[in-house]
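**Q** Below is the file target-v4.cif, with mmCIF, C-alpha atoms.
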```
data_query
loop_
_atom_site.label_atom_id
_atom_site.label_comp_id
_atom_site.auth_asym_id
_atom_site.auth_seq_id
_atom_site.Cartn_x
_atom_site.Cartn_y
_atom_site.Cartn_z
CA MET A 1 35.56 -65.15 -0.67
CA ILE A 2 33.26 -62.12 -0.86
CA ALA A 3 31.14 -61.97 -3.98
CA PRO A 4 31.45 -58.73 -5.98
CA PRO A 5 28.45 -56.38 -6.02
CA ARG A 6 26.00 -57.12 -8.80
CA SER A 7 26.10 -53.62 -10.25
CA GLY A 8 24.52 -54.90 -13.46
CA ASP A 9 21.26 -55.69 -11.69
CA PRO A 10 18.66 -53.13 -12.91
CA ILE A 11 17.17 -52.67 -9.43
CA ARG A 12 20.63 -51.95 -8.03
CA ARG A 13 21.08 -49.22 -10.61
CA LYS A 14 17.71 -47.73 -9.65
CA ILE A 15 18.68 -47.68 -5.97
CA GLU A 16 22.04 -46.06 -6.71
CA SER A 17 20.37 -43.50 -9.00
CA LEU A 18 17.82 -42.63 -6.31
CA GLY A 19 20.63 -42.17 -3.81
CA THR A 20 22.45 -39.68 -6.02
CA ARG A 21 19.30 -37.73 -6.94
CA LEU A 22 17.99 -37.25 -3.41
CA SER A 23 19.39 -34.14 -1.81
CA LEU A 24 20.99 -34.50 1.62
CA PRO A 25 18.40 -32.25 3.34
CA THR A 26 15.66 -34.45 1.86
CA VAL A 27 17.37 -37.60 3.16
CA ILE A 28 17.84 -36.12 6.63
CA LYS A 29 14.24 -34.98 6.84
CA ALA A 30 12.81 -38.28 5.60
CA LEU A 31 14.84 -40.41 7.99
CA GLY A 32 14.20 -38.03 10.86
CA VAL A 33 10.44 -38.38 10.45
CA LEU A 34 10.67 -42.15 10.01
CA GLU A 35 12.58 -42.32 13.28
CA GLY A 36 9.93 -40.24 15.00
CA GLU A 37 12.34 -37.44 15.81
CA HIS A 38 11.12 -34.27 17.52
CA PRO A 39 13.61 -31.40 17.29
CA ALA A 40 13.02 -30.19 20.87
CA ALA A 41 14.02 -33.58 22.21
CA ARG A 42 17.11 -34.01 20.06
CA ARG A 43 18.89 -30.65 20.30
CA GLY A 44 22.13 -30.20 22.21
CA THR A 45 25.23 -32.37 22.21
CA GLY A 46 25.85 -34.54 19.20
CA TYR A 47 24.70 -31.99 16.62
CA ASP A 48 27.03 -30.23 14.19
CA TYR A 49 26.25 -27.65 11.54
CA LEU A 50 25.90 -29.31 8.18
CA ASP A 51 24.50 -26.78 5.72
CA ILE A 52 22.57 -23.54 5.43
CA ARG A 53 19.83 -23.46 2.83
CA PRO A 54 16.78 -21.37 1.89
CA TYR A 55 13.45 -22.16 3.53
CA GLU A 56 11.12 -24.08 1.22
CA PRO A 57 7.31 -23.67 1.19
CA GLY A 58 5.65 -26.35 3.26
CA GLU A 59 8.44 -26.69 5.83
CA GLU A 60 7.77 -25.92 9.47
CA ALA A 61 8.37 -22.30 10.43
CA ARG A 62 10.07 -23.36 13.69
CA LEU A 63 12.99 -24.71 11.64
CA ILE A 64 13.89 -21.21 10.43
CA ASP A 65 17.11 -19.78 11.88
CA TRP A 66 16.33 -16.10 12.34
CA LYS A 67 19.93 -14.89 12.68
CA ALA A 68 20.94 -16.61 9.45
CA SER A 69 17.75 -15.30 7.83
CA ALA A 70 18.57 -11.73 8.86
CA ARG A 71 22.04 -12.00 7.34
CA ALA A 72 20.73 -13.49 4.10
CA GLY A 73 17.70 -11.25 3.81
CA ARG A 74 15.33 -14.22 3.36
CA PRO A 75 14.18 -17.19 5.50
CA MET A 76 17.01 -19.70 5.96
CA ILE A 77 17.24 -23.12 7.59
CA ILE A 78 20.38 -24.56 9.16
CA ASP A 79 20.61 -28.33 8.74
CA LYS A 80 22.44 -30.10 11.52
CA GLU A 81 24.14 -33.44 11.54
CA ARG A 82 24.11 -35.55 14.66
CA GLU A 83 26.67 -38.09 15.71
CA SER A 84 25.34 -41.57 15.11
CA ASN A 85 25.90 -44.76 17.03
CA GLY A 86 24.23 -47.76 15.45
CA ASN A 87 21.18 -45.73 14.45
CA VAL A 88 19.81 -48.18 11.89
CA TRP A 89 19.43 -51.92 12.35
CA LEU A 90 18.64 -54.07 9.29
CA LEU A 91 17.28 -57.44 10.45
CA LEU A 92 16.90 -60.08 7.74
CA ASP A 93 15.29 -63.51 7.95
CA VAL A 94 17.70 -65.95 6.26
CA GLY A 95 15.76 -69.15 6.91
CA ARG A 96 15.49 -71.58 4.01
CA GLU A 97 11.85 -70.53 3.57
CA MET A 98 13.24 -67.30 2.10
CA THR A 99 14.45 -69.21 -0.96
CA GLY A 100 10.82 -69.41 -2.06
CA ALA A 101 10.02 -67.83 -5.41
CA CYS A 102 8.08 -64.63 -6.05
CA PRO A 103 5.78 -64.07 -9.05
CA SER A 104 8.64 -62.10 -10.64
CA GLY A 105 10.85 -65.20 -10.57
CA GLU A 106 13.12 -63.74 -7.87
CA ARG A 107 13.76 -65.45 -4.57
CA ALA A 108 12.11 -63.87 -1.53
CA ILE A 109 15.54 -63.39 0.06
CA ASP A 110 16.71 -61.31 -2.91
CA VAL A 111 13.62 -59.08 -2.86
CA ALA A 112 13.97 -58.56 0.89
CA ALA A 113 17.68 -57.80 0.55
CA ASN A 114 17.03 -55.21 -2.15
CA ALA A 115 14.48 -53.53 0.11
CA LEU A 116 17.09 -53.33 2.89
CA ARG A 117 19.57 -51.84 0.42
CA MET A 118 17.14 -48.97 -0.10
CA PHE A 119 17.07 -48.16 3.60
CA ALA A 120 20.84 -48.57 3.78
CA MET A 121 21.25 -46.12 0.91
CA LEU A 122 19.33 -43.42 2.78
CA SER A 123 21.09 -44.08 6.06
CA LEU A 124 24.57 -44.03 4.58
CA ARG A 125 23.83 -40.76 2.81
CA ARG A 126 23.32 -39.39 6.32
CA SER A 127 26.59 -41.07 7.45
CA ASP A 128 24.83 -43.35 9.92
CA ASP A 129 26.32 -46.48 11.35
CA LEU A 130 24.45 -49.63 10.33
CA SER A 131 24.08 -52.99 11.96
CA ILE A 132 23.22 -55.90 9.66
CA VAL A 133 21.60 -58.80 11.51
CA LEU A 134 20.95 -62.17 9.84
CA GLY A 135 18.98 -64.87 11.62
CA ASP A 136 17.78 -68.45 11.24
CA ASP A 137 17.04 -71.16 13.81
CA SER A 138 20.70 -71.86 14.53
CA HIS A 139 22.45 -68.48 14.52
CA ILE A 140 21.82 -64.78 14.76
CA THR A 141 24.77 -62.89 13.31
CA ARG A 142 25.35 -59.18 13.71
CA VAL A 143 27.76 -57.31 11.41
CA PRO A 144 28.37 -53.65 12.37
CA PHE A 145 29.00 -51.45 9.35
CA ASN A 146 30.36 -47.97 8.79
CA GLY A 147 31.27 -46.78 5.31
CA GLY A 148 29.86 -45.92 1.92
CA PHE A 149 27.11 -47.60 -0.07
CA ALA A 150 29.50 -49.35 -2.46
CA LYS A 151 31.26 -50.95 0.50
CA PHE A 152 27.91 -51.87 2.00
CA GLU A 153 26.91 -53.69 -1.18
CA HIS A 154 30.20 -55.57 -1.15
CA VAL A 155 29.77 -56.65 2.48
CA PHE A 156 26.07 -57.45 2.15
CA ASP A 157 26.57 -59.55 -0.98
CA GLY A 158 29.26 -61.50 0.87
CA LEU A 159 26.94 -62.20 3.79
CA LEU A 160 24.24 -63.50 1.44
CA ASP A 161 26.63 -65.73 -0.49
CA ARG A 162 25.63 -68.74 1.58
CA ASP A 163 23.53 -71.90 1.58
CA PHE A 164 20.09 -71.31 3.06
CA VAL A 165 19.69 -74.69 4.72
CA ARG A 166 18.37 -73.87 8.19
CA PRO A 167 14.69 -73.12 8.88
CA ARG A 168 13.69 -69.66 10.09
CA ASN A 169 13.21 -68.49 13.65
CA PHE A 170 11.68 -65.07 13.22
CA ASP A 171 10.54 -64.91 16.83
CA ALA A 172 14.20 -64.96 17.84
CA LEU A 173 14.84 -61.98 15.53
CA ILE A 174 12.02 -60.04 17.19
CA ASP A 175 13.46 -60.90 20.61
CA TYR A 176 16.87 -59.73 19.41
CA ALA A 177 15.40 -56.41 18.28
CA GLY A 178 13.86 -56.00 21.71
CA ARG A 179 17.34 -56.09 23.26
CA ILE A 180 18.70 -53.20 21.19
CA ARG A 181 19.62 -50.65 23.83
CA ASN A 182 19.57 -47.46 21.81
CA ARG A 183 15.90 -46.55 21.86
CA ARG A 184 16.30 -44.08 18.99
CA SER A 185 17.51 -46.74 16.59
CA LEU A 186 15.42 -47.39 13.51
CA VAL A 187 14.72 -51.13 13.20
CA VAL A 188 13.83 -52.65 9.80
CA LEU A 189 12.58 -56.25 9.86
CA ALA A 190 12.55 -58.09 6.52
CA THR A 191 10.93 -61.47 5.85
CA ASP A 192 8.17 -63.00 3.70
CA GLU A 193 4.53 -62.26 4.40
CA ALA A 194 3.76 -65.80 5.58
CA VAL A 195 5.41 -64.87 8.90
CA TRP A 196 3.03 -62.06 9.74
CA THR A 197 0.10 -63.54 11.55
CA GLY A 198 -1.92 -61.15 13.67
CA GLU A 199 -0.43 -62.72 16.81
CA ARG A 200 3.14 -62.12 15.69
CA ALA A 201 2.31 -58.59 14.63
CA ARG A 202 0.97 -57.94 18.13
CA ARG A 203 4.36 -58.94 19.51
CA LEU A 204 5.74 -55.80 17.94
CA ARG A 205 3.60 -53.67 20.26
CA THR A 206 6.17 -53.66 23.06
CA LEU A 207 9.06 -53.21 20.63
CA ALA A 208 7.32 -50.30 18.91
CA GLN A 209 7.09 -48.48 22.24
CA THR A 210 10.87 -48.17 22.37
CA HIS A 211 11.98 -48.21 18.72
CA PRO A 212 10.63 -46.93 15.39
CA ILE A 213 9.81 -50.07 13.40
CA ILE A 214 9.43 -50.73 9.68
CA THR A 215 8.53 -54.19 8.43
CA VAL A 216 9.33 -55.42 4.92
CA ASN A 217 7.00 -58.21 3.74
CA VAL A 218 7.78 -60.13 0.57
CA SER A 219 4.86 -61.77 -1.25
CA THR A 220 5.71 -65.18 -2.70
CA ILE A 221 3.92 -67.17 -5.39
CA ASN A 222 0.70 -69.03 -4.74
CA PRO A 223 1.95 -72.66 -4.87
CA PHE A 224 -1.40 -73.91 -6.16
CA ALA A 225 -1.73 -71.51 -9.08
CA PHE A 226 -0.54 -72.31 -12.60
CA THR A 227 1.56 -69.60 -14.26
CA ASP A 228 3.56 -69.34 -17.46
CA ARG A 229 6.72 -68.78 -15.41
CA PHE A 230 6.54 -71.94 -13.26
CA ASP A 231 5.73 -75.40 -14.60
CA HIS A 232 5.96 -76.90 -11.12
CA VAL A 233 6.42 -75.67 -7.55
CA VAL A 234 8.70 -77.08 -4.85
CA ASP A 235 8.13 -76.37 -1.15
CA ALA A 236 11.11 -74.34 0.10
CA ARG A 237 10.81 -75.87 3.58
CA ASP A 238 11.19 -79.55 2.69
CA GLY A 239 11.97 -79.66 -1.04
CA ARG A 240 8.82 -81.59 -1.90
CA ARG A 241 7.08 -80.94 -5.18
CA VAL A 242 3.48 -79.71 -4.94
CA PRO A 243 1.27 -82.38 -6.58
CA ALA A 244 -0.30 -81.29 -9.83
CA PHE A 245 -3.78 -82.47 -8.79
CA MET A 246 -3.74 -79.93 -5.93
CA ARG A 247 -3.00 -77.02 -8.25
CA THR A 248 -6.52 -76.05 -9.16
CA ARG A 249 -8.22 -72.70 -9.64
CA LYS A 250 -10.46 -73.26 -6.61
CA VAL A 251 -7.61 -74.10 -4.24
CA ALA A 252 -5.49 -71.24 -5.59
CA SER A 253 -8.35 -68.77 -5.09
CA SER A 254 -8.86 -69.93 -1.51
CA VAL A 255 -5.17 -69.44 -0.77
CA ASP A 256 -5.22 -65.96 -2.31
CA VAL A 257 -8.20 -64.94 -0.16
CA HIS A 258 -6.58 -66.33 2.98
CA ARG A 259 -3.30 -64.57 2.28
CA GLU A 260 -4.96 -61.23 1.67
CA PHE A 261 -6.97 -61.59 4.88
CA GLN A 262 -3.83 -62.37 6.89
CA ALA A 263 -1.87 -59.55 5.27
CA ALA A 264 -4.64 -57.03 5.97
CA ALA A 265 -4.96 -58.17 9.58
CA ALA A 266 -1.22 -57.97 10.14
CA ALA A 267 -1.05 -54.53 8.48
CA ARG A 268 -3.82 -53.20 10.74
CA GLU A 269 -2.03 -54.50 13.81
CA VAL A 270 1.32 -53.06 12.71
CA VAL A 271 -0.23 -49.66 12.03
CA LYS A 272 -2.04 -49.79 15.38
CA ASN A 273 1.35 -50.27 17.02
CA GLY A 274 2.60 -47.05 15.44
CA SER A 275 4.88 -48.88 13.00
CA THR A 276 4.74 -49.11 9.22
CA MET A 277 4.79 -51.88 6.66
CA ILE A 278 5.85 -52.11 3.03
CA ARG A 279 4.85 -55.10 0.94
CA GLY A 280 5.80 -56.26 -2.53
CA ALA A 281 6.08 -59.30 -4.78
CA SER A 282 9.22 -58.15 -6.61
CA SER A 283 12.20 -55.86 -6.23
CA ASP A 284 10.58 -53.36 -8.60
CA ALA A 285 7.38 -53.36 -6.54
CA MET A 286 9.41 -52.87 -3.36
CA PHE A 287 11.22 -49.95 -4.97
CA ASP A 288 7.90 -48.31 -5.84
CA GLU A 289 6.65 -48.89 -2.28
CA PHE A 290 9.85 -47.41 -0.87
CA VAL A 291 9.62 -44.27 -3.00
CA SER A 292 5.96 -43.94 -2.04
CA LEU A 293 6.86 -44.30 1.65
CA VAL A 294 9.55 -41.62 1.46
CA SER A 295 7.43 -39.20 -0.52
CA THR A 296 4.39 -39.72 1.74
CA THR A 297 6.58 -39.26 4.80
CA LEU A 298 7.95 -35.98 3.48
CA ALA A 299 4.50 -34.73 2.50
CA ARG A 300 2.72 -35.60 5.72
CA GLY A 301 5.50 -35.27 8.27
CA GLY A 302 4.74 -38.72 9.64
CA PHE A 303 3.95 -42.24 8.57
CA ARG A 304 1.76 -45.25 9.01
CA GLN A 305 1.44 -47.78 6.22
CA ALA A 306 2.67 -46.87 2.78
CA PRO A 307 -0.05 -46.92 0.12
CA PRO A 308 0.10 -49.88 -2.30
CA ALA A 309 2.47 -49.50 -5.20
CA GLY A 310 0.74 -48.01 -8.18
CA ALA A 311 -2.17 -46.61 -6.18
CA GLY A 312 -3.14 -42.99 -6.63
CA ASP A 313 -0.93 -40.46 -8.33
CA VAL A 314 2.43 -41.46 -9.69
CA THR A 315 5.33 -40.24 -7.57
CA ALA A 316 7.57 -37.98 -9.64
CA MET A 317 11.22 -37.23 -8.92
CA ASP A 318 12.66 -33.87 -9.92
CA THR A 319 16.14 -33.43 -11.28
CA SER A 320 17.35 -31.56 -8.18
CA GLY A 321 17.03 -34.72 -6.12
CA GLY A 322 13.82 -34.04 -4.20
CA LEU A 323 10.62 -36.02 -4.36
CA SER A 324 7.44 -34.33 -5.48
#
```
Any chance you could give the structure as structure tokens?
**A**
Amino acid sequence: MIAPPRSGDPIRRKIESLGTRLSLPTVIKALGVLEGEHPAARRGTGYDYLDIRPYEPGEEARLIDWKASARAGRPMIIDKERESNGNVWLLLDVGREMTGACPSGERAIDVAANALRMFAMLSLRRSDDLSIVLGDDSHITRVPFNGGFAKFEHVFDGLLDRDFVRPRNFDALIDYAGRIRNRRSLVVLATDEAVWTGERARRLRTLAQTHPIITVNVSTINPFAFTDRFDHVVDARDGRRVPAFMRTRKVASSVDVHREFQAAAAAREVVKNGSTMIRGASSDAMFDEFVSLVSTTLARGGFRQAPPAGAGDVTAMDTSGGLS
């Protein structure tokens, strides 16, 4: 039985609200840049006229349609919609390690899934076809999807209504991504940050040469730190409780330093490969990172790593649906 969408979840409402407030031209432009599109290489068959709109300051002059501009008496841009065929692949680690808790109290799997919902929201606004891929050490399951966001939530919730009993095999997910034939497909890989050693990040180098890659890294709790939220910590891999005598400030600090070092090394390697990475310890943090990624992409016309959530100026959303 498929579980109903959890529409009462605050983060779900934020994702749905963002989807309705972003204009279609903004969505198309953001995804196009994330996919590394270059108009000269993508013109021709598969494109249909979608909309004619006024030129906005900051857009590239080569996008102006001069015939339409002459008729309108001002610079105009014609947005085009291309036929899609599995353009976006959402790959999710569903190993039992993903049941680990985050500082927010959420499971890592739920934070990762909410991040993928954000990318699905953008893609479905553009009427793309999606492929949802779930993997652990026993199975890799692909579910093709074509429909609206409400249907996506229904299907995705059903896929995640399961027992997470098998360990992860993230290397197999990377190998699977390498076999995706459509080289223009956007590939989003979601897991927890413990996976991303520098060596594994370097494995993306070959994949990034053929596909635009975004990695979603969920930060879980430090098992040796005492917090008001958790009286005790259980290892998600084997169910063993972390002994209280090991949970000291010194050990917790060492783990924090090691994690930050690994995360920074992996981020540098991912960026070097031409990919991008978003990282967060909660669904709210992931949402902020996602908005920052989209807004930075639109502003710069390209991407590397999104700035940390909360860093720099606050991203503001106008009522017309654009990001400013």
**Q** Using only C-alpha atoms, what residues lie at most 12 Å away from (31.3, -45.5, 4.1) (file coordinates), given as a PyMOL selection string?
**A** chain A and resi 120-121+123-130+144-155
**Q** Those selected residues, please, written with C-alpha atoms and delivered as a compact mmCIF listing (two decimals), in the coordinates of the input.
**A**
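Saved the output as again10.txt:
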```txt
# COMPACT_ATOMS: atom_id res chain seq x y z
CA ALA A 120 20.84 -48.57 3.78
CA MET A 121 21.25 -46.12 0.91
CA SER A 123 21.09 -44.08 6.06
CA LEU A 124 24.57 -44.03 4.58
CA ARG A 125 23.83 -40.76 2.81
CA ARG A 126 23.32 -39.39 6.32
CA SER A 127 26.59 -41.07 7.45
CA ASP A 128 24.83 -43.35 9.92
CA ASP A 129 26.32 -46.48 11.35
CA LEU A 130 24.45 -49.63 10.33
CA PRO A 144 28.37 -53.65 12.37
CA PHE A 145 29.00 -51.45 9.35
CA ASN A 146 30.36 -47.97 8.79
CA GLY A 147 31.27 -46.78 5.31
CA GLY A 148 29.86 -45.92 1.92
CA PHE A 149 27.11 -47.60 -0.07
CA ALA A 150 29.50 -49.35 -2.46
CA LYS A 151 31.26 -50.95 0.50
CA PHE A 152 27.91 -51.87 2.00
CA GLU A 153 26.91 -53.69 -1.18
CA HIS A 154 30.20 -55.57 -1.15
CA VAL A 155 29.77 -56.65 2.48
```
**Q** When the PyMOL selection byres ((chain A and resi 63) around 10) is applied to the file above, which residues end up in the set, as a VMD selection string?
**A** chain A and resid 39 55 59 to 62 64 to 66 75 to 79
**Q** Just the residues within 7 Å of region 178-191 of chain A, please, counting all atoms listed in the file, with nothing from its chain fewer than 6 positions along; format it as a count of residues only.
**A** 20
**Q** Please measure the separation of CA of Ala172 (chain A) and CA of Leu134 (chain A), giving the value in Å to one decimal.
**A** 10.8 Å
**Q** Considering only C-alpha atoms, state which residue in the set A:Ala70, A:Ala267, A:Ile11, A:Met118 is at the smallest distance from Leu293 (chain A).
**A** A:Met118
**Q** Exactly which residues make up the result of the PyMOL selection byres ((chain A and resi 200) around 10) on this file, given as a list of chain:residue names?
**A**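 Output of the PyMOL selection byres ((chain A and resi 200) around 10): A:Phe170, A:Asp171, A:Ile174, A:Val195, A:Trp196, A:Thr197, A:Gly198, A:Glu199, A:Ala201, A:Arg202, A:Arg203, A:Leu204, A:Arg205, A:Ala266, A:Glu269, A:Val270.
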**Q** Between A:Gln209, A:Asn222, A:Ser283, A:Ser295, which residue has the minimum interatomic distance to Asp256 (chain A), considering only C-alpha atoms?
**A**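 For Asp256 (chain A), the nearest of the given residues is A:Asn222.
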**Q** Check which residues satisfy the PyMOL selection byres ((chain A and resi 160) around 12) in the file shown, then give them as a PyMOL selection string.
**A** chain A and resi 1-5+92-95+98-99+109-110+112-114+132-135+141+153-159+161-164
**Q** Could you please determine the separation between CA of Ala281 (chain A) and CA of Ala115 (chain A) in Å, to one decimal place?
**A**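 CA of Ala115 (chain A) lies 11.3 Å from CA of Ala281 (chain A).
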**Q** Could you check the closest approach to Glu97 (chain A) for each of A:Ile52, A:Ile140, A:Ala194, A:Ala30 and tell me which residue wins, using all atoms listed in the file?
**A**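 Closest candidate: A:Ala194.
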**Q** Just to confirm, what's the straight-line distance from CA of Ser292 (chain A) to CA of Cys102 (chain A) in Å (one decimal)?
**A**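 CA of Ser292 (chain A) sits 21.2 Å away from CA of Cys102 (chain A).
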**Q** For Ser254 (chain A), work out the shell of residues within 12 Å, counting all atoms listed in the file and skipping chain neighbours fewer than 5 positions away, then give it as a list in words.
**A**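 Here the answer would be Asn222, Pro223, Phe224, Ala225, Arg247, Thr248, Arg249, Arg259, Glu260 and Phe261 of chain A.
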**Q** Between A:Leu24, A:Val271, A:Ile278, A:Ala264, single out the one closest to Arg53 (chain A), counting only C-alpha atoms.
**A**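 Using only C-alpha atoms, Arg53 (chain A) sits closest to A:Leu24.
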**Q** From the options A:Ile221, A:Ser253, A:Leu34, A:Tyr176, which residue's atoms come nearest to Gly274 (chain A), counting all atoms listed in the file?
**A**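 Selected residue with least distance to Gly274 (chain A): A:Leu34.
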